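A short worksheet on the structure shown next.
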Amino acid sequence: MPTPLNTHIAKHWRQLRGRTLDLVALLEPAQLDLKLPFETSQSIHYQFWCMLGAQQSWQALFETGEWAGFSCTLTGRDEHKQPAVVTEMMRAADEKLLSILESADLSEAFANGSTRLDHYLSLVEHESHHQGQLINFIYAHEIEIPQSWAEKWSLSRD
């Protein structure tokens with residue numbers, strides 16, 4: 001049976017991921033290849049690949065408490081460099097995650113002592129880190145600031 005904590009955590013994820021999806025919705029396909037102005041910069045697409053891959057890879061942690069390795073269904077293929085595809089894949093991953101967050105005991109310890117709440121907090125840190133990276137892209141490439149980002153991160157062009 002869901003608890004108030006489950007409901008709150010699921011709501012929190014919807015808001016956090018919702019901000020990511022708000023940015024994706026403003027992007028044109030060509031913008032996914034944009035990089036920052038230094039040699040070792042990764043692209044905007046890479047940021048989404050890493051965010052989604054972490055979420056998909058964390059699935060095993062939420063189910064068993066054990067790391068099963070990193071993998072991501074979003075690849076660098078041209079058909080995956082579409083904002084609509086990024087959104088679709090993120091929403092599919094969200095369905096799986098939210099089913100756990102809304103119903104599982106988040107504080108129950110796995111054999112290794114970790115909890116689903118521990119793993120959720122790590123996933124939040126990861127998503128937030130990439131949102132911070134994406135703020136650099138927003139400013140470096142004059143990308144429209146999503147309203148949800150302006151409100152949450154106090155972003156403006158003033």
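Identifiers in the structure tokens: chain A, B, ... in order shown; residue index from 1 per chain; ligand index from 1 in order shown.
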
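Residues surrounding Phe110 in chain A within 10 Å are A:Leu61, A:Phe62, A:Glu63, A:Thr64, A:Gly65, A:Glu66, A:Thr115, A:Arg116 [only C-alpha atoms; sequence separation below 5 positions excluded].
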
Practice prompt. Name all residues at most 12 Å from Gln42 in chain A (count only C-alpha atoms; drop same-chain ones fewer than 3 positions away) and give them as JSON, numbers by chain.
Written response: {"A": [32, 33, 34, 35, 36, 37, 38, 39, 45, 46, 47, 48, 49, 50, 130, 133, 134, 136, 137]}

Could you save the residues just selected, with C-alpha atoms, as a JSON list (two decimals), in the first residue's frame?
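The resulting file, again.json, is shown below:
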```
[["chain", "number", "residue", "atom", "x", "y", "z"],
["A", 32, "LEU", "CA", 20.83, 17.80, -29.97],
["A", 33, "ASP", "CA", 24.28, 17.81, -31.59],
["A", 34, "LEU", "CA", 25.33, 21.14, -30.03],
["A", 35, "LYS", "CA", 28.41, 21.14, -27.82],
["A", 36, "LEU", "CA", 29.96, 23.65, -25.49],
["A", 37, "PRO", "CA", 32.93, 25.69, -26.78],
["A", 38, "PHE", "CA", 35.72, 23.46, -25.53],
["A", 39, "GLU", "CA", 37.34, 20.41, -27.09],
["A", 45, "HIS", "CA", 22.10, 14.47, -26.90],
["A", 46, "TYR", "CA", 24.79, 12.93, -24.71],
["A", 47, "GLN", "CA", 23.28, 14.64, -21.66],
["A", 48, "PHE", "CA", 19.92, 13.00, -22.37],
["A", 49, "TRP", "CA", 21.60, 9.66, -23.16],
["A", 50, "CYS", "CA", 23.34, 9.70, -19.80],
["A", 130, "HIS", "CA", 22.70, 17.03, -15.97],
["A", 133, "GLN", "CA", 25.07, 20.90, -17.47],
["A", 134, "LEU", "CA", 22.16, 21.74, -19.75],
["A", 136, "ASN", "CA", 25.37, 25.85, -19.75],
["A", 137, "PHE", "CA", 24.05, 24.81, -23.17]]
```

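Proximity of A:Leu101, A:Ala68, A:Leu26, A:Ile135 to Trp149 in chain A, computed with only C-alpha atoms, is greatest for A:Ile135.
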
Asp118 in chain A surroundings by only C-alpha atoms, 10 Å radius, close-in-sequence under 4 positions cut, as a PDB file with N, CA, C and O atoms, in the first residue's frame:
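And here is the file that came out, result_22.pdb:
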```pdb
ATOM      1  N   LEU A  61      18.744  -1.606  -9.496  1.00  0.00           N
ATOM      2  CA  LEU A  61      18.933  -1.195  -8.108  1.00  0.00           C
ATOM      3  C   LEU A  61      17.593  -1.074  -7.385  1.00  0.00           C
ATOM      4  O   LEU A  61      17.468  -1.465  -6.227  1.00  0.00           O
ATOM      5  N   PHE A  62      16.603  -0.545  -8.066  1.00  0.00           N
ATOM      6  CA  PHE A  62      15.279  -0.404  -7.457  1.00  0.00           C
ATOM      7  C   PHE A  62      14.604  -1.758  -7.251  1.00  0.00           C
ATOM      8  O   PHE A  62      13.801  -1.919  -6.342  1.00  0.00           O
ATOM      9  N   GLY A  65      18.485  -4.107  -5.577  1.00  0.00           N
ATOM     10  CA  GLY A  65      19.525  -3.493  -4.777  1.00  0.00           C
ATOM     11  C   GLY A  65      20.922  -3.731  -5.327  1.00  0.00           C
ATOM     12  O   GLY A  65      21.899  -3.238  -4.775  1.00  0.00           O
ATOM     13  N   LEU A 106      10.035   2.002   0.215  1.00  0.00           N
ATOM     14  CA  LEU A 106      11.248   2.734  -0.136  1.00  0.00           C
ATOM     15  C   LEU A 106      12.334   2.632   0.922  1.00  0.00           C
ATOM     16  O   LEU A 106      13.501   2.845   0.634  1.00  0.00           O
ATOM     17  N   SER A 107      11.963   2.294   2.141  1.00  0.00           N
ATOM     18  CA  SER A 107      12.947   2.236   3.222  1.00  0.00           C
ATOM     19  C   SER A 107      13.407   0.820   3.548  1.00  0.00           C
ATOM     20  O   SER A 107      14.325   0.646   4.346  1.00  0.00           O
ATOM     21  N   ALA A 109      15.504  -2.344   3.522  1.00  0.00           N
ATOM     22  CA  ALA A 109      16.911  -2.557   3.158  1.00  0.00           C
ATOM     23  C   ALA A 109      17.074  -3.837   2.340  1.00  0.00           C
ATOM     24  O   ALA A 109      16.486  -4.872   2.656  1.00  0.00           O
ATOM     25  N   GLY A 113      22.316  -3.618   2.344  1.00  0.00           N
ATOM     26  CA  GLY A 113      22.053  -2.485   3.230  1.00  0.00           C
ATOM     27  C   GLY A 113      21.482  -1.260   2.546  1.00  0.00           C
ATOM     28  O   GLY A 113      21.034  -0.328   3.211  1.00  0.00           O
ATOM     29  N   SER A 114      21.497  -1.220   1.236  1.00  0.00           N
ATOM     30  CA  SER A 114      20.946  -0.077   0.512  1.00  0.00           C
ATOM     31  C   SER A 114      19.418  -0.153   0.505  1.00  0.00           C
ATOM     32  O   SER A 114      18.829  -1.213   0.714  1.00  0.00           O
ATOM     33  N   SER A 122      20.167   9.130  -5.236  1.00  0.00           N
ATOM     34  CA  SER A 122      21.301   9.158  -6.175  1.00  0.00           C
ATOM     35  C   SER A 122      20.834   9.491  -7.588  1.00  0.00           C
ATOM     36  O   SER A 122      21.494  10.246  -8.310  1.00  0.00           O
ATOM     37  N   LEU A 123      19.705   8.937  -7.986  1.00  0.00           N
ATOM     38  CA  LEU A 123      19.170   9.224  -9.311  1.00  0.00           C
ATOM     39  C   LEU A 123      18.784  10.699  -9.430  1.00  0.00           C
ATOM     40  O   LEU A 123      19.032  11.335 -10.461  1.00  0.00           O
TER      41      LEU A 123
END
```

Worksheet, complete the sentence: Atom pair CA of Asp94 in chain A + CA of Glu142 in chain A, distance 28.8 Å
